[in-house]
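Asks: Sharing data-v8.cif below, mmCIF, C-alpha atoms:
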```cif
data_run
#
loop_
_atom_site.group_PDB
_atom_site.id
_atom_site.type_symbol
_atom_site.label_atom_id
_atom_site.label_comp_id
_atom_site.auth_asym_id
_atom_site.auth_seq_id
_atom_site.Cartn_x
_atom_site.Cartn_y
_atom_site.Cartn_z
ATOM 1 C CA VAL X 108 24.010 37.961 -26.012
ATOM 2 C CA ASN X 109 26.564 37.364 -23.262
ATOM 3 C CA PRO X 110 26.845 33.536 -22.969
ATOM 4 C CA TYR X 111 27.900 33.751 -19.303
ATOM 5 C CA ARG X 112 24.734 35.687 -18.412
ATOM 6 C CA SER X 113 22.645 33.042 -20.177
ATOM 7 C CA ILE X 114 24.323 30.255 -18.209
ATOM 8 C CA LEU X 115 23.817 32.087 -14.907
ATOM 9 C CA PHE X 116 20.168 32.724 -15.780
ATOM 10 C CA VAL X 117 19.579 29.033 -16.547
ATOM 11 C CA ARG X 118 21.252 27.991 -13.305
ATOM 12 C CA LEU X 119 19.134 30.468 -11.329
ATOM 13 C CA ILE X 120 15.935 29.053 -12.837
ATOM 14 C CA ALA X 121 17.124 25.515 -12.062
ATOM 15 C CA LEU X 122 17.901 26.477 -8.465
ATOM 16 C CA VAL X 123 14.417 27.940 -7.935
ATOM 17 C CA ALA X 124 12.851 24.864 -9.521
ATOM 18 C CA ASP X 125 14.959 22.580 -7.342
ATOM 19 C CA ARG X 126 13.723 24.313 -4.197
ATOM 20 C CA ARG X 127 10.117 23.969 -5.278
ATOM 21 C CA ILE X 128 10.653 20.318 -6.224
ATOM 22 C CA TYR X 129 12.343 19.699 -2.860
ATOM 23 C CA ALA X 130 9.391 21.159 -0.958
ATOM 24 C CA MET X 131 6.936 19.140 -3.031
ATOM 25 C CA ALA X 132 9.030 16.022 -2.617
ATOM 26 C CA LYS X 133 8.850 16.315 1.158
ATOM 27 C CA LEU X 134 5.092 16.681 1.017
ATOM 28 C CA GLN X 135 4.773 13.725 -1.360
ATOM 29 C CA ALA X 136 7.067 11.610 0.826
ATOM 30 C CA ALA X 137 4.964 12.366 3.885
ATOM 31 C CA TYR X 138 1.823 11.446 1.955
ATOM 32 C CA LEU X 139 3.388 8.186 0.789
ATOM 33 C CA LEU X 140 4.435 7.398 4.359
ATOM 34 C CA LEU X 141 0.874 7.881 5.513
ATOM 35 C CA CYS X 142 -0.498 5.679 2.745
ATOM 36 C CA VAL X 143 1.849 2.854 3.700
ATOM 37 C CA SER X 144 1.081 3.365 7.367
ATOM 38 C CA ALA X 145 -2.642 3.374 6.618
ATOM 39 C CA TYR X 146 -2.280 0.025 4.848
ATOM 40 C CA TRP X 147 -0.737 -1.563 7.939
ATOM 41 C CA SER X 148 -3.190 -0.024 10.397
ATOM 42 C CA GLY X 149 -6.310 -0.666 8.333
ATOM 43 C CA ALA X 150 -7.196 3.021 8.384
ATOM 44 C CA VAL X 151 -8.529 4.878 5.387
ATOM 45 C CA ALA X 152 -5.821 6.766 3.508
ATOM 46 C CA SER X 153 -8.132 9.672 2.708
ATOM 47 C CA ASP X 154 -8.442 10.440 6.429
ATOM 48 C CA ALA X 155 -4.672 10.707 6.670
ATOM 49 C CA THR X 156 -4.547 12.933 3.609
ATOM 50 C CA ALA X 157 -7.124 15.271 5.123
ATOM 51 C CA ALA X 158 -5.052 15.491 8.294
ATOM 52 C CA LEU X 159 -1.986 16.409 6.272
ATOM 53 C CA GLU X 160 -3.864 19.064 4.338
ATOM 54 C CA ARG X 161 -4.791 20.688 7.640
ATOM 55 C CA ASP X 162 -1.165 20.692 8.753
ATOM 56 C CA ASP X 163 0.419 24.114 8.202
ATOM 57 C CA GLU X 164 3.946 22.710 8.249
ATOM 58 C CA CYS X 165 3.127 20.235 5.478
ATOM 59 C CA ALA X 166 1.488 22.946 3.414
ATOM 60 C CA ALA X 167 4.596 25.099 3.823
ATOM 61 C CA GLY X 168 6.936 22.244 2.948
ATOM 62 C CA SER X 169 8.457 22.142 6.439
ATOM 63 C CA GLY X 170 10.844 19.358 7.442
ATOM 64 C CA GLN X 171 8.536 18.587 10.396
ATOM 65 C CA CYS X 172 5.845 17.324 8.047
ATOM 66 C CA SER X 173 6.966 13.673 8.059
ATOM 67 C CA LEU X 174 7.227 13.660 11.853
ATOM 68 C CA ASN X 175 3.740 15.084 12.190
ATOM 69 C CA ALA X 176 2.454 12.505 9.728
ATOM 70 C CA LEU X 177 3.716 9.714 11.979
ATOM 71 C CA GLN X 178 2.146 11.340 15.033
ATOM 72 C CA VAL X 179 -1.192 11.683 13.267
ATOM 73 C CA ARG X 180 -1.142 8.041 12.166
ATOM 74 C CA ALA X 181 -0.092 6.736 15.598
ATOM 75 C CA ALA X 182 -2.897 8.628 17.322
ATOM 76 C CA ALA X 183 -5.460 7.475 14.736
ATOM 77 C CA THR X 184 -4.353 3.837 15.053
ATOM 78 C CA GLN X 185 -4.688 3.853 18.846
ATOM 79 C CA GLU X 186 -8.087 5.528 18.696
ATOM 80 C CA GLN X 187 -9.373 3.065 16.099
ATOM 81 C CA ALA X 188 -8.217 0.083 18.168
ATOM 82 C CA LEU X 189 -10.083 1.408 21.186
ATOM 83 C CA GLN X 190 -13.248 2.010 19.169
ATOM 84 C CA ASP X 191 -13.172 -1.426 17.582
ATOM 85 C CA GLY X 192 -12.476 -3.157 20.888
ATOM 86 C CA GLY X 193 -10.316 -5.616 19.008
ATOM 87 C CA GLY X 194 -6.600 -6.185 18.631
ATOM 88 C CA LEU X 195 -3.722 -5.150 16.467
ATOM 89 C CA CYS X 196 -3.957 -7.464 13.452
ATOM 90 C CA ASN X 197 -6.540 -8.994 11.150
ATOM 91 C CA ALA X 198 -7.014 -10.065 7.542
ATOM 92 C CA THR X 199 -6.551 -6.525 6.246
ATOM 93 C CA THR X 200 -3.826 -5.588 8.730
ATOM 94 C CA PRO X 201 -1.273 -8.409 8.459
ATOM 95 C CA CYS X 202 1.743 -8.965 10.677
ATOM 96 C CA PRO X 203 5.334 -8.343 9.583
ATOM 97 C CA SER X 204 7.712 -11.144 8.683
ATOM 98 C CA LEU X 205 8.440 -13.709 11.446
ATOM 99 C CA TYR X 206 5.222 -12.777 13.272
ATOM 100 C CA LYS X 207 1.847 -14.517 13.188
ATOM 101 C CA CYS X 208 -1.565 -12.995 13.827
ATOM 102 C CA VAL X 209 -3.226 -14.853 16.703
ATOM 103 C CA SER X 210 -6.880 -14.223 17.589
ATOM 104 C CA LYS X 211 -9.078 -15.248 20.488
ATOM 105 C CA ALA X 212 -11.947 -17.573 19.582
ATOM 106 C CA ASP X 213 -14.531 -14.835 20.228
ATOM 107 C CA ASN X 214 -12.512 -12.324 18.142
ATOM 108 C CA SER X 215 -12.345 -9.968 21.108
ATOM 109 C CA TRP X 216 -8.586 -9.629 20.670
ATOM 110 C CA SER X 217 -5.893 -10.356 18.100
ATOM 111 C CA GLN X 218 -2.183 -9.684 18.186
ATOM 112 C CA CYS X 219 1.005 -10.263 16.213
ATOM 113 C CA VAL X 220 3.006 -12.976 17.980
ATOM 114 C CA PRO X 221 6.734 -13.508 17.292
ATOM 115 C CA GLU X 222 7.634 -16.863 15.780
ATOM 116 C CA THR X 223 11.316 -16.640 16.770
ATOM 117 C CA TYR X 224 11.924 -18.371 20.117
ATOM 118 C CA SER X 225 14.248 -15.753 21.652
ATOM 119 C CA VAL X 226 11.713 -12.979 20.990
ATOM 120 C CA PHE X 227 8.696 -15.103 21.890
ATOM 121 C CA ARG X 228 10.207 -16.036 25.258
ATOM 122 C CA GLN X 229 10.469 -12.358 26.193
ATOM 123 C CA GLU X 230 7.003 -11.422 24.967
ATOM 124 C CA CYS X 231 4.872 -14.410 25.978
ATOM 125 C CA VAL X 232 5.175 -13.728 29.713
ATOM 126 C CA LYS X 233 3.293 -10.461 29.167
ATOM 127 C CA TYR X 234 0.223 -12.145 27.661
ATOM 128 C CA THR X 235 -2.908 -13.029 29.583
ATOM 129 C CA GLU X 236 -3.046 -16.759 30.315
ATOM 130 C CA ASP X 237 -5.821 -17.551 27.855
ATOM 131 C CA PHE X 238 -4.022 -15.728 25.053
ATOM 132 C CA ARG X 239 -0.650 -17.252 26.026
ATOM 133 C CA LEU X 240 -1.962 -20.763 25.399
ATOM 134 C CA LEU X 241 -3.235 -19.723 21.970
ATOM 135 C CA ALA X 242 0.126 -18.116 21.166
ATOM 136 C CA ILE X 243 2.078 -21.209 22.235
ATOM 137 C CA LYS X 244 0.035 -23.425 19.933
ATOM 138 C CA ALA X 245 0.046 -20.927 17.060
ATOM 139 C CA VAL X 246 3.826 -20.498 16.808
ATOM 140 C CA ASN X 247 4.810 -23.869 18.341
ATOM 141 C CA GLN X 248 7.122 -22.331 20.947
ATOM 142 C CA ASN X 249 7.317 -22.895 24.702
ATOM 143 C CA CYS X 250 6.885 -20.027 27.141
ATOM 144 C CA GLN X 251 9.349 -21.420 29.659
ATOM 145 C CA ASP X 252 9.337 -18.530 32.115
ATOM 146 C CA SER X 253 5.604 -18.779 32.724
ATOM 147 C CA LEU X 254 3.281 -21.165 34.521
ATOM 148 C CA CYS X 255 2.005 -24.207 32.639
ATOM 149 C CA HIS X 256 -1.268 -25.913 33.565
ATOM 150 C CA GLY X 257 -0.920 -29.258 31.853
ATOM 151 C CA PRO X 258 0.503 -31.020 28.801
ATOM 152 C CA ASP X 259 -1.401 -28.783 26.380
ATOM 153 C CA TRP X 260 0.780 -25.870 27.457
ATOM 154 C CA CYS X 261 4.011 -27.483 26.256
ATOM 155 C CA VAL X 262 5.173 -28.206 22.709
ATOM 156 C CA ARG X 263 8.226 -29.650 20.938
ATOM 157 C CA GLY X 264 8.385 -32.633 23.297
ATOM 158 C CA TYR X 265 8.588 -30.545 26.487
ATOM 159 C CA MET X 266 6.740 -31.720 29.585
ATOM 160 C CA CYS X 267 4.782 -29.685 32.132
ATOM 161 C CA ALA X 268 6.467 -30.293 35.496
ATOM 162 C CA GLN X 269 4.118 -29.354 38.341
ATOM 163 C CA GLN X 270 5.011 -29.185 42.005
ATOM 164 C CA GLU X 271 2.628 -31.085 44.277
ATOM 165 C CA ASP X 272 2.221 -28.038 46.497
ATOM 166 C CA GLY X 273 1.181 -25.910 43.507
ATOM 167 C CA GLY X 274 4.107 -23.585 44.080
ATOM 168 C CA TRP X 275 5.324 -23.673 40.503
ATOM 169 C CA ALA X 276 4.972 -25.457 37.194
ATOM 170 C CA GLN X 277 6.744 -24.963 33.892
ATOM 171 C CA CYS X 278 7.575 -26.670 30.625
ATOM 172 C CA ILE X 279 10.904 -28.489 30.734
ATOM 173 C CA SER X 280 13.030 -30.486 28.324
ATOM 174 C CA CYS X 281 13.499 -34.175 29.037
ATOM 175 C CA VAL X 282 16.587 -34.411 26.829
ATOM 176 C CA PRO X 283 19.138 -35.869 29.322
ATOM 177 C CA LYS X 284 21.921 -33.326 28.749
ATOM 178 C CA THR X 285 19.556 -30.338 28.956
ATOM 179 C CA PHE X 286 17.708 -31.819 31.928
ATOM 180 C CA ASN X 287 20.895 -32.406 33.923
ATOM 181 C CA THR X 288 22.135 -28.882 33.234
ATOM 182 C CA ASN X 289 18.841 -27.286 34.289
ATOM 183 C CA CYS X 290 18.788 -29.287 37.517
ATOM 184 C CA TYR X 291 21.432 -26.938 38.945
ATOM 185 C CA SER X 292 19.057 -23.969 38.839
ATOM 186 C CA TRP X 293 15.906 -25.684 40.071
ATOM 187 C CA PRO X 294 14.941 -25.574 43.758
ATOM 188 C CA SER X 295 14.477 -28.941 45.458
ATOM 189 C CA PRO X 296 10.631 -29.018 45.270
ATOM 190 C CA PHE X 297 10.790 -28.430 41.532
ATOM 191 C CA LYS X 298 13.528 -31.033 41.061
ATOM 192 C CA VAL X 299 11.081 -33.584 42.420
ATOM 193 C CA ALA X 300 8.419 -32.386 39.977
ATOM 194 C CA ALA X 301 10.888 -32.435 37.081
ATOM 195 C CA GLN X 302 11.981 -35.994 37.847
ATOM 196 C CA SER X 303 8.358 -37.093 37.934
ATOM 197 C CA ALA X 304 7.629 -35.420 34.587
ATOM 198 C CA CYS X 305 10.748 -36.793 32.889
ATOM 199 C CA SER X 306 10.948 -40.188 34.578
ATOM 200 C CA PRO X 307 13.207 -42.147 34.606
ATOM 201 C CA LEU X 308 15.580 -39.148 34.467
ATOM 202 C CA THR X 309 16.863 -37.919 37.827
ATOM 203 C CA CYS X 310 18.818 -34.848 38.806
ATOM 204 C CA PRO X 311 22.509 -35.544 39.564
ATOM 205 C CA THR X 312 23.252 -35.877 43.281
ATOM 206 C CA SER X 313 25.593 -32.904 43.103
ATOM 207 C CA THR X 314 22.748 -30.579 42.079
ATOM 208 C CA TRP X 315 20.682 -31.092 45.223
ATOM 209 C CA ALA X 316 23.071 -29.029 47.322
ATOM 210 C CA VAL X 317 23.151 -26.154 44.800
ATOM 211 C CA ALA X 318 19.575 -24.873 44.756
ATOM 212 C CA LYS X 319 17.227 -25.301 47.675
#
```
Could I get this structure in the form of structure tokens?
Replies:
Amino acid sequence: VNPYRSILFVRLIALVADRRIYAMAKLQAAYLLLCVSAYWSGAVASDATAALERDDECAAGSGQCSLNALQVRAAATQEQALQDGGGLCNATTPCPSLYKCVSKADNSWSQCVPETYSVFRQECVKYTEDFRLLAIKAVNQNCQDSLCHGPDWCVRGYMCAQQEDGGWAQCISCVPKTFNTNCYSWPSPFKVAAQSACSPLTCPTSTWAVAK
């Protein structure tokens, strides 16, 4: 027997096997992706599997299978949330690291809230007021770019400074250095409110001509 022919034959068989394994691997990877995604969304993995089985591209081992799997899961997650009338997290659908699941008292809504201040400050202004208060208390972070309605809305030693005319109110720091720096950006009516909240601190005279 020609040894070179035997080697070529073995390599040919291996190549065919590799192609089949590659196609199966893509299908298995897409299935695994759906299972993980189902865990986070609280959906039933068997539903995702059925959707994949109906997908011609997955059955054919197409590279679009994984993309379609994500689309199927995203659509299912949104539909389930609408049907449940609830939020995006619960005991079986936990939040990722550095996020906390916050729920309304009546369980009508729940959502993952960032615990990191820089992220929380950007997100908290988008919440409804009742949920914002819950989020502030849950992660112990101030939502400084939003309206506060009293001391309960401020944490970490911040005070709720409220203008007498009701024009604005927000949580502010009464640490002297921070207070004096922020005075430059506050309009005069809010300076008065800030001084009242952080008495006996007062804004430097030079700041009154900066922001009106």
Asks: Rank X:Leu195, X:Val232, X:Ala242, X:Cys278 by their smallest atom-to-atom distance to Val220 of chain X, using all atoms listed in the file, and report the top residue only.
Replies: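 Looking only at the distances to Val220 of chain X, the closest residue turns out to be X:Ala242.
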Asks: Which residue out of X:Cys208, X:Val246, X:Ala304, X:Ala316 has the minimum interatomic distance to Ala268 of chain X when all atoms listed in the file are used?
Replies: X:Ala304
Asks: Mind listing as a PyMOL selection string all residues within 8 Å of (12.1, -26.3, 28.4), counting only C-alpha atoms?
Replies: chain X and resi 249+251+265-266+277-280
Asks: The PyMOL selection byres ((chain X and resi 221) around 12) on the file shown: which residues, as a PyMOL selection string?
Replies: chain X and resi 202-209+218-220+222-231+242-243+245-250
Asks: For the atom pair atom CA of Thr314 of chain X and atom CA of Tyr291 of chain X, what is the interatomic distance in Å to one decimal place?
Replies: 5.0 Å
Asks: Would you compute the distance between atom CA of Gln269 of chain X and atom CA of Cys305 of chain X? Give it in Å to one decimal.
Replies: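 Distance between the two atoms: 11.4 Å.
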Asks: Just to confirm, what's the straight-line distance from atom CA of Lys233 of chain X to atom CA of Ser303 of chain X in Å (one decimal)?
Replies: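 The value is 28.5 Å.
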Asks: Rank X:Gly194, X:Leu240, X:Cys310, X:Ala301 by their smallest atom-to-atom distance to Lys284 of chain X, using all atoms listed in the file, and report the top residue only.
Replies: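 Counting all atoms listed in the file, the residue closest to Lys284 of chain X is X:Cys310.
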Asks: Using only C-alpha atoms, determine which residues lie at most 9 Å from Asp259 of chain X, disregarding the query and same-chain residues fewer than 3 positions distant; provide the list as a VMD selection string.
Replies: chain X and resid 240 244 255 to 256 262 267
Asks: Please expand the PyMOL selection byres ((chain X and resi 283) around 12) into the concrete residues it hits in this file, giving the result as an mmCIF file with C-alpha atoms, keeping the file's coordinate frame.
Replies:
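Ended up saving to out.cif:
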```
data_model
loop_
_atom_site.group_PDB
_atom_site.id
_atom_site.type_symbol
_atom_site.label_atom_id
_atom_site.label_comp_id
_atom_site.auth_asym_id
_atom_site.auth_seq_id
_atom_site.Cartn_x
_atom_site.Cartn_y
_atom_site.Cartn_z
ATOM 1 C CA ILE X 279 10.904 -28.489 30.734
ATOM 2 C CA SER X 280 13.030 -30.486 28.324
ATOM 3 C CA CYS X 281 13.499 -34.175 29.037
ATOM 4 C CA VAL X 282 16.587 -34.411 26.829
ATOM 5 C CA LYS X 284 21.921 -33.326 28.749
ATOM 6 C CA THR X 285 19.556 -30.338 28.956
ATOM 7 C CA PHE X 286 17.708 -31.819 31.928
ATOM 8 C CA ASN X 287 20.895 -32.406 33.923
ATOM 9 C CA THR X 288 22.135 -28.882 33.234
ATOM 10 C CA ASN X 289 18.841 -27.286 34.289
ATOM 11 C CA CYS X 290 18.788 -29.287 37.517
ATOM 12 C CA ALA X 301 10.888 -32.435 37.081
ATOM 13 C CA GLN X 302 11.981 -35.994 37.847
ATOM 14 C CA CYS X 305 10.748 -36.793 32.889
ATOM 15 C CA SER X 306 10.948 -40.188 34.578
ATOM 16 C CA PRO X 307 13.207 -42.147 34.606
ATOM 17 C CA LEU X 308 15.580 -39.148 34.467
ATOM 18 C CA THR X 309 16.863 -37.919 37.827
ATOM 19 C CA CYS X 310 18.818 -34.848 38.806
ATOM 20 C CA PRO X 311 22.509 -35.544 39.564
#
```
